[in-house]
Each structure stands twice: as C-alpha cells, then as structure tokens.
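Chemist: Have a look at the structure that comes next, please.
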Amino acid sequence: MAAPLTENQATGVVGFWPWFFQRISGLLLIVLLAIHIWMGHFSGLRAVIQGSQEELVLYSIVQQRLAQGLFVFVDFSLLGLVLYHGLNGMRNVLLEWPAAARRAQAMTLSLWVLGAATFVYGAWALLAFIL
C-alpha cells in the first residue's frame, strides 16, 4: 500500500524537475569540489616541499590560477551550483510550511532573485581576481 500523499505532493507544488536537479547538482558539487580542492591545495605541493614556493594559497598564486580557463570554469560552476542547490533545498523546506506553500510562486521567484543577486555578487568577487 502506497503512503498517502501530502498536500504539496497532491497539488504538484514540489515537482519532479526541482527534485531531479537537486540530485544532479549535488553530484556535480561533489565532483567539482574535489577538483577545486585538488587544484587549489594539492597541485602545487611539490613546489612548497622543494622550497621554491612559500605557500600554496597566496593572493598572487590564486590570481595566476584564475587566469586559466579551467579554474574560472570550476569556480563559476561551483558558485552557480552551490546557490542552486542551497536555495532549491530552502525552497523544498519552505514548501512544507503551509503559509509558504500557499505562495509557492512568489516564494520561488523571490529565491531566484536572491540567487541571481548573490551570483552577481560572487561573480564580481571572482572577477576581481581575474581582471
């Protein structure tokens, strides 16, 4: 016997695609975070061990890394995926609250606007290193 549907499931407020993209973004975040950690904290370890470089994470080194396309792609992808994953999770939690579920479209739009504004701010911070 199947479990009874909650009010949100019965009305279709939650939806398949947000659920699906939540899982995909989680998997991509794991992969990109591993790449980011490797590139930022282990790729130059040999130079530190040999003494030709003082530290792995210095402003000038981060600036040099962000001059490369792969680093820019990984960092911007992480920024966008973290925002989507976090705000979509927040949306799903809020949809369990009846007051927010009644205003699902307005709440979703508000979260998208918050996400876009935060992405612009994060991109601005990253571009300070790149330009």
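Every chain in the structure tokens takes a letter, A first, then B, and so on in the order presented; its residues are numbered from 1, and the ligands are numbered from 1 following the presented order.
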From chain A, collect each residue whose DSSP state is alpha helix (DSSP H) and return the set as a PyMOL selection string.
Modeler: chain A and resi 7-11+16-41+45-50+59-65+69-95+98-101+104-130
Chemist: Give me the residues within 9 Å of Leu79 (chain A) as a VMD selection string, counting only C-alpha atoms and dropping any in the same chain fewer than 6 places off.
Modeler: chain A and resid 119 122 to 123
Chemist: In Å, rounded to a single decimal, give me how far CA of Phe21 (chain A) is from CA of Arg91 (chain A).
Modeler: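 It comes out at 13.0 Å.
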Chemist: If I take CA of Leu87 (chain A) and CA of Leu127 (chain A), how far is one from the other in Å, to one decimal?
Modeler: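 So the two atoms, CA of Leu87 (chain A) and CA of Leu127 (chain A), lie 23.0 Å apart.
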Chemist: Between CA of Ala104 (chain A) and CA of Ile30 (chain A), measure the distance and give it in Å to one decimal.
Modeler: 29.0 Å
Chemist: Using only C-alpha atoms, which of A:Ile24, A:Gly80, A:Ile37, A:Leu29 sits nearest Tyr121 (chain A)?
Modeler: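 That would be A:Gly80, the residue with the smallest distance to Tyr121 (chain A).
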Chemist: Quick one: everything within 10 Å of Phe129 (chain A), counting only C-alpha atoms, minus sequence neighbours fewer than 3 positions away in the same chain. Send it as a ChimeraX atom specification.
Modeler: /A:59-60,62-67,124-126
Chemist: Have a look at A:Leu27, A:Ile130, A:Leu83, A:Asn88 and name the one nearest to Ile61 (chain A); count only C-alpha atoms.
Modeler: A:Ile130
Chemist: With distances taken over only C-alpha atoms, which of A:Leu28, A:Ala99, A:Leu56, A:Val113 is nearest to His41 (chain A)?
Modeler: A:Leu56
Chemist: With only C-alpha atoms as the counted atoms, please give the residues lying no more than 12 Å from Ala100 (chain A), apart from itself and same-chain residues fewer than 4 positions off, as a PDB file with N, CA, C and O atoms, in the first residue's frame.
Modeler:
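Below is the file that was written, part.pdb:
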ATOM      1  N   ASN A   8       1.156  19.065  -0.511  1.00  0.00           N
ATOM      2  CA  ASN A   8       2.051  19.591  -1.542  1.00  0.00           C
ATOM      3  C   ASN A   8       2.260  18.582  -2.656  1.00  0.00           C
ATOM      4  O   ASN A   8       2.341  18.941  -3.823  1.00  0.00           O
ATOM      5  N   VAL A  13       3.059  20.966  -6.158  1.00  0.00           N
ATOM      6  CA  VAL A  13       3.843  22.178  -5.926  1.00  0.00           C
ATOM      7  C   VAL A  13       5.334  21.867  -5.956  1.00  0.00           C
ATOM      8  O   VAL A  13       6.125  22.634  -6.491  1.00  0.00           O
ATOM      9  N   MET A  90      16.278  25.102   0.261  1.00  0.00           N
ATOM     10  CA  MET A  90      15.494  26.014   1.097  1.00  0.00           C
ATOM     11  C   MET A  90      14.053  26.091   0.604  1.00  0.00           C
ATOM     12  O   MET A  90      13.112  26.096   1.396  1.00  0.00           O
ATOM     13  N   ARG A  91      13.874  26.123  -0.703  1.00  0.00           N
ATOM     14  CA  ARG A  91      12.529  26.138  -1.285  1.00  0.00           C
ATOM     15  C   ARG A  91      11.755  24.889  -0.880  1.00  0.00           C
ATOM     16  O   ARG A  91      10.587  24.962  -0.486  1.00  0.00           O
ATOM     17  N   ASN A  92      12.399  23.746  -0.950  1.00  0.00           N
ATOM     18  CA  ASN A  92      11.721  22.495  -0.585  1.00  0.00           C
ATOM     19  C   ASN A  92      11.345  22.472   0.889  1.00  0.00           C
ATOM     20  O   ASN A  92      10.272  21.983   1.250  1.00  0.00           O
ATOM     21  N   VAL A  93      12.218  22.997   1.735  1.00  0.00           N
ATOM     22  CA  VAL A  93      11.896  23.066   3.164  1.00  0.00           C
ATOM     23  C   VAL A  93      10.727  24.026   3.388  1.00  0.00           C
ATOM     24  O   VAL A  93       9.785  23.715   4.127  1.00  0.00           O
ATOM     25  N   LEU A  94      10.767  25.182   2.736  1.00  0.00           N
ATOM     26  CA  LEU A  94       9.689  26.163   2.916  1.00  0.00           C
ATOM     27  C   LEU A  94       8.349  25.659   2.386  1.00  0.00           C
ATOM     28  O   LEU A  94       7.295  26.033   2.911  1.00  0.00           O
ATOM     29  N   LEU A  95       8.379  24.827   1.355  1.00  0.00           N
ATOM     30  CA  LEU A  95       7.124  24.310   0.814  1.00  0.00           C
ATOM     31  C   LEU A  95       6.412  23.367   1.787  1.00  0.00           C
ATOM     32  O   LEU A  95       5.228  23.092   1.633  1.00  0.00           O
ATOM     33  N   GLU A  96       7.119  22.894   2.780  1.00  0.00           N
ATOM     34  CA  GLU A  96       6.489  22.076   3.821  1.00  0.00           C
ATOM     35  C   GLU A  96       5.718  22.938   4.819  1.00  0.00           C
ATOM     36  O   GLU A  96       4.916  22.429   5.581  1.00  0.00           O
ATOM     37  N   ALA A 104       3.632  29.701  -3.246  1.00  0.00           N
ATOM     38  CA  ALA A 104       4.781  28.971  -3.808  1.00  0.00           C
ATOM     39  C   ALA A 104       5.431  29.738  -4.954  1.00  0.00           C
ATOM     40  O   ALA A 104       6.662  29.807  -5.033  1.00  0.00           O
ATOM     41  N   GLN A 105       4.633  30.309  -5.843  1.00  0.00           N
ATOM     42  CA  GLN A 105       5.224  31.015  -6.985  1.00  0.00           C
ATOM     43  C   GLN A 105       5.987  32.255  -6.549  1.00  0.00           C
ATOM     44  O   GLN A 105       7.104  32.499  -7.027  1.00  0.00           O
ATOM     45  N   ALA A 106       5.415  33.036  -5.665  1.00  0.00           N
ATOM     46  CA  ALA A 106       6.091  34.249  -5.192  1.00  0.00           C
ATOM     47  C   ALA A 106       7.363  33.898  -4.419  1.00  0.00           C
ATOM     48  O   ALA A 106       8.396  34.556  -4.572  1.00  0.00           O
ATOM     49  N   MET A 107       7.290  32.849  -3.604  1.00  0.00           N
ATOM     50  CA  MET A 107       8.452  32.424  -2.839  1.00  0.00           C
ATOM     51  C   MET A 107       9.552  31.926  -3.776  1.00  0.00           C
ATOM     52  O   MET A 107      10.727  32.268  -3.609  1.00  0.00           O
ATOM     53  N   THR A 108       9.181  31.133  -4.771  1.00  0.00           N
ATOM     54  CA  THR A 108      10.163  30.625  -5.730  1.00  0.00           C
ATOM     55  C   THR A 108      10.815  31.770  -6.497  1.00  0.00           C
ATOM     56  O   THR A 108      12.035  31.795  -6.673  1.00  0.00           O
ATOM     57  N   SER A 110      11.136  34.843  -5.481  1.00  0.00           N
ATOM     58  CA  SER A 110      11.996  35.562  -4.541  1.00  0.00           C
ATOM     59  C   SER A 110      13.333  34.850  -4.363  1.00  0.00           C
ATOM     60  O   SER A 110      14.386  35.491  -4.315  1.00  0.00           O
TER      61      SER A 110
END
